[in-house]
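Colleague: Sending over a structure as structure tokens; questions will come in a sec.
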Amino acid sequence: MENLFAIIIGAIFVNNFILTRFLGLCPFFGVSKKTKPAIGMGLAVTFVMTLASIVTWIMYNWVLLPLGIEYLQIIVFILIIATLVQFVELFLKKANPVLYKTLGIYLPLITTNCAILGVAFLNVQEEYSFVAALVFGISAGVGFLLALLLMSGIRERLELSKVPKAFQGLPISFIVAALMSLAFLAFSGMIR
Amino acid sequence: MIIQSIIVLGSLGLGFGIFLAYFSKRFEVKKDPKIDDVMKILPGANCGACGYAGCAAYAEAVVTNEDVPVSLCIPGQKAVADKIAKMLGRDVSEKKIQLVAQLKCNGGKDAADKYNYEGIESCKAANLISGGPKSCSYGCMGYGDCVNVCKFGALKIGEKGIPVIDKEKCVACGMCIKECPKRLFRLVPKEKKIHVQCSSKDVAKDVIKACKAGCIGCKACERACPVPEKAVLVKDNLADVVYSRCVMCGKCVEACPRKIIVDERK
């Protein structure tokens, strides 16, 4: 139980996927202009991450390991994630067309999102149990959502403030991201 | 070894393929092709003046529900309503009076500042700090939230530091009305040209202190109005035109000692 708690805090704060591990930066800058799509994107990523860590764990431990073909993990994980994203896209199109439109190009981008592949690999690397992998997947997604939400809130404020011309748009966002990353470094050492 | 990996990958690919194919049928979104056609007619500004979440939502509603009138698109005006009606084989219901946005403030630089505001360039933000930097708590602060929200380029901040409305470009979508924290905009009939450009309900003494272009509620306009029931009335220290009765004679414009009643024809 204590171990699970450490995993949750670790994935959300200490080793935040975006701000400490620097994974999934593309949607972090792409979908963080407004809070609403940011939340949608964060939830979509969380959902896919959770599903991906479940399915990849099962695949790795029940199929790849017994057959001794772990070297296929990259291609298998990519296959699984791509399928999942396709499925989420189909599902969203039916269930929530507005969110589907907001996410637009970024939904297919989840397919090639290194954060999700990262979760799958870290699960293997850390040799997590099934429950631990599941919890890690969810909390990594929540960490992603948190970073995206914080960033979008700041960027909404940034749009209203006077930014020197050279820094307008993405440059100032990079600076903000760097500062946020520094701030999140303060969590390091909290666990282990 | 190699056969194992081929079998595993091949069967995975096949399995996922079947899975996706099944769910793409299962979650198929059946869409009336007419919705797309209506979408093409609509302006696509997603202003929401029709009362739906955007052009796509209205297009769907108007195609799928017979009771939704075809004339709801305010920016598109009659031309769009006619086209939609023709496509769907329905009648254009009652003709609408053309409306246009009007700003109920003429203060701008004429209104004194009560403090120096150096915060975020936004009316909503400035309004949070004791009702904005202007002495008149009813008046326009001129940071242009309305300009930013206008999708039709009908608003810009004029020389006076308040928004100027381009009545040709304005399509009466009502976005500025919702955006303005002081609620200074309203929609008025396009053919009516005489407007009271003040919203201050303060008493005369305070108005004179705060703004050179403020209504003091002297009722000179009321007395000058030749219409029997009066087309301009003072209520809560503030004059306002009753558009349904106004004959646009211009008598109130001449009578106003503060020059806050404006005749656009001049």
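In the structure tokens, chains take letters A, B, ... by order of appearance, with residues numbered from 1 within each chain and ligands from 1 in the order shown.
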Need the shell around Asp240 in chain B: protein/DNA/RNA residues with any atom at most 6 Å away, counting only C-alpha atoms. Skip same-chain ones fewer than 2 positions apart. Format as a PyMOL selection string?
Modeller: chain B and resi 196+232-233
Colleague: Within 12 Å of Lys162 in chain A, counting only C-alpha atoms, which residues show up once you throw out same-chain ones fewer than 5 positions away? Write them as a list in words, please.
Modeller: Arg157, Phe167, Gln168, Gly169 and Ile172 of chain A; Glu118, Gly119, Ile120, Glu121 and Ser122 of chain B
Colleague: Would you list the contacts of Phe152 in chain B as a compact mmCIF listing (two decimals) with all heavy atoms, in the first residue's frame, taking every protein, DNA or RNA residue within 10 Å and counting only C-alpha atoms, but skipping same-chain residues closer than 3 positions in sequence?
Modeller:
# COMPACT_ATOMS: atom_id res chain seq x y z
N ALA B 45 -18.85 31.40 -38.18
CA ALA B 45 -18.14 32.18 -37.16
C ALA B 45 -18.34 31.60 -35.77
O ALA B 45 -17.68 31.99 -34.82
CB ALA B 45 -18.62 33.62 -37.19
N CYS B 47 -20.61 32.12 -33.60
CA CYS B 47 -20.83 33.21 -32.65
C CYS B 47 -21.86 32.84 -31.60
O CYS B 47 -21.86 33.38 -30.51
CB CYS B 47 -21.23 34.49 -33.38
SG CYS B 47 -22.85 34.39 -34.17
N PRO B 75 -26.05 36.68 -37.96
CA PRO B 75 -25.02 37.22 -38.86
C PRO B 75 -25.36 36.99 -40.33
O PRO B 75 -25.11 37.83 -41.18
CB PRO B 75 -23.76 36.46 -38.47
CG PRO B 75 -24.01 35.96 -37.11
CD PRO B 75 -25.47 35.74 -36.98
N VAL B 147 -13.66 44.32 -28.53
CA VAL B 147 -12.97 44.30 -29.82
C VAL B 147 -12.40 42.91 -30.07
O VAL B 147 -12.49 42.36 -31.16
CB VAL B 147 -11.84 45.36 -29.84
CG1 VAL B 147 -11.10 45.31 -31.17
CG2 VAL B 147 -12.41 46.74 -29.60
N VAL B 149 -13.43 40.12 -28.92
CA VAL B 149 -14.41 39.04 -29.05
C VAL B 149 -15.19 39.15 -30.35
O VAL B 149 -15.79 38.19 -30.80
CB VAL B 149 -15.33 39.01 -27.82
CG1 VAL B 149 -16.45 40.01 -27.96
CG2 VAL B 149 -15.87 37.63 -27.58
N LEU B 155 -15.78 46.24 -34.47
CA LEU B 155 -15.46 47.12 -33.35
C LEU B 155 -13.99 47.47 -33.37
O LEU B 155 -13.15 46.64 -33.71
CB LEU B 155 -15.76 46.40 -32.03
CG LEU B 155 -17.23 46.18 -31.67
CD1 LEU B 155 -17.33 45.22 -30.52
CD2 LEU B 155 -17.89 47.49 -31.30
N ASP B 166 -18.70 49.77 -36.28
CA ASP B 166 -18.91 49.89 -37.72
C ASP B 166 -20.26 49.24 -38.02
O ASP B 166 -20.40 48.02 -38.04
CB ASP B 166 -17.78 49.16 -38.47
CG ASP B 166 -17.90 49.37 -39.97
OD1 ASP B 166 -19.02 49.59 -40.45
OD2 ASP B 166 -16.85 49.32 -40.65
N LYS B 169 -20.56 46.57 -40.69
CA LYS B 169 -19.98 45.24 -40.43
C LYS B 169 -20.72 44.50 -39.32
O LYS B 169 -20.70 43.29 -39.26
CB LYS B 169 -18.51 45.38 -40.04
CG LYS B 169 -17.61 45.69 -41.23
CD LYS B 169 -16.16 45.66 -40.79
CE LYS B 169 -15.24 46.09 -41.92
NZ LYS B 169 -13.95 46.54 -41.40
N CYS B 170 -21.35 45.26 -38.42
CA CYS B 170 -22.01 44.62 -37.27
C CYS B 170 -23.16 43.75 -37.73
O CYS B 170 -23.99 44.17 -38.53
CB CYS B 170 -22.52 45.68 -36.29
SG CYS B 170 -23.37 44.94 -34.89
N VAL B 171 -23.21 42.51 -37.22
CA VAL B 171 -24.27 41.60 -37.61
C VAL B 171 -25.18 41.27 -36.44
O VAL B 171 -26.02 40.38 -36.52
CB VAL B 171 -23.70 40.30 -38.20
CG1 VAL B 171 -22.96 40.57 -39.48
CG2 VAL B 171 -22.80 39.62 -37.20
N ALA B 172 -25.00 41.99 -35.33
CA ALA B 172 -25.86 41.82 -34.16
C ALA B 172 -25.81 40.42 -33.58
O ALA B 172 -26.82 39.86 -33.19
CB ALA B 172 -27.29 42.20 -34.49
N CYS B 173 -24.61 39.83 -33.52
CA CYS B 173 -24.51 38.49 -32.96
C CYS B 173 -24.59 38.51 -31.44
O CYS B 173 -24.91 37.52 -30.81
CB CYS B 173 -23.20 37.82 -33.39
SG CYS B 173 -21.71 38.54 -32.70
Colleague: I need the alpha helix (DSSP H) residues of range 60-161 of chain B per DSSP on the backbone, written as a PyMOL selection string.
Modeller: chain B and resi 60-64+77-88+123-127+145-149
Colleague: Could the residues of chain B within 9 Å of chain A, counting only C-alpha atoms, be given as a list in words, please?
Modeller: Met1, Gln4, Ser5, Val8, Leu9, Leu12, Gly13, Phe16, Gly17, Phe19, Leu20, Phe23, Ser24, Phe27, Glu28, Val29, Gly119, Ile120, Glu121 and Ser122 of chain B
Colleague: Would you save the residues of that selection, restricted to C-alpha atoms, as an mmCIF file, in the first residue's frame?
Modeller:
data_model
loop_
_atom_site.group_PDB
_atom_site.id
_atom_site.type_symbol
_atom_site.label_atom_id
_atom_site.label_comp_id
_atom_site.auth_asym_id
_atom_site.auth_seq_id
_atom_site.Cartn_x
_atom_site.Cartn_y
_atom_site.Cartn_z
ATOM 1 C CA MET B 1 12.402 -18.069 -32.727
ATOM 2 C CA GLN B 4 7.311 -17.266 -32.916
ATOM 3 C CA SER B 5 7.759 -13.533 -33.352
ATOM 4 C CA VAL B 8 2.795 -13.188 -32.281
ATOM 5 C CA LEU B 9 3.023 -9.963 -34.269
ATOM 6 C CA LEU B 12 -1.738 -9.246 -32.738
ATOM 7 C CA GLY B 13 -2.130 -7.168 -35.863
ATOM 8 C CA PHE B 16 -6.466 -5.483 -33.360
ATOM 9 C CA GLY B 17 -7.601 -5.050 -36.939
ATOM 10 C CA PHE B 19 -11.331 -5.266 -33.036
ATOM 11 C CA LEU B 20 -11.117 -1.833 -34.685
ATOM 12 C CA PHE B 23 -16.019 -0.957 -33.250
ATOM 13 C CA SER B 24 -15.875 1.359 -36.244
ATOM 14 C CA PHE B 27 -19.764 3.444 -33.175
ATOM 15 C CA GLU B 28 -20.567 4.629 -36.661
ATOM 16 C CA VAL B 29 -21.974 8.137 -36.627
ATOM 17 C CA GLY B 119 -2.551 45.678 -14.752
ATOM 18 C CA ILE B 120 -3.655 43.173 -17.346
ATOM 19 C CA GLU B 121 -5.045 44.906 -20.441
ATOM 20 C CA SER B 122 -8.546 43.590 -20.054
#
Colleague: Contacts of Gly44 in chain B at 9 Å or less, counting only C-alpha atoms, minus same-chain residues fewer than 4 places along, as a ChimeraX atom specification?
Modeller: /B:39-40,54-56
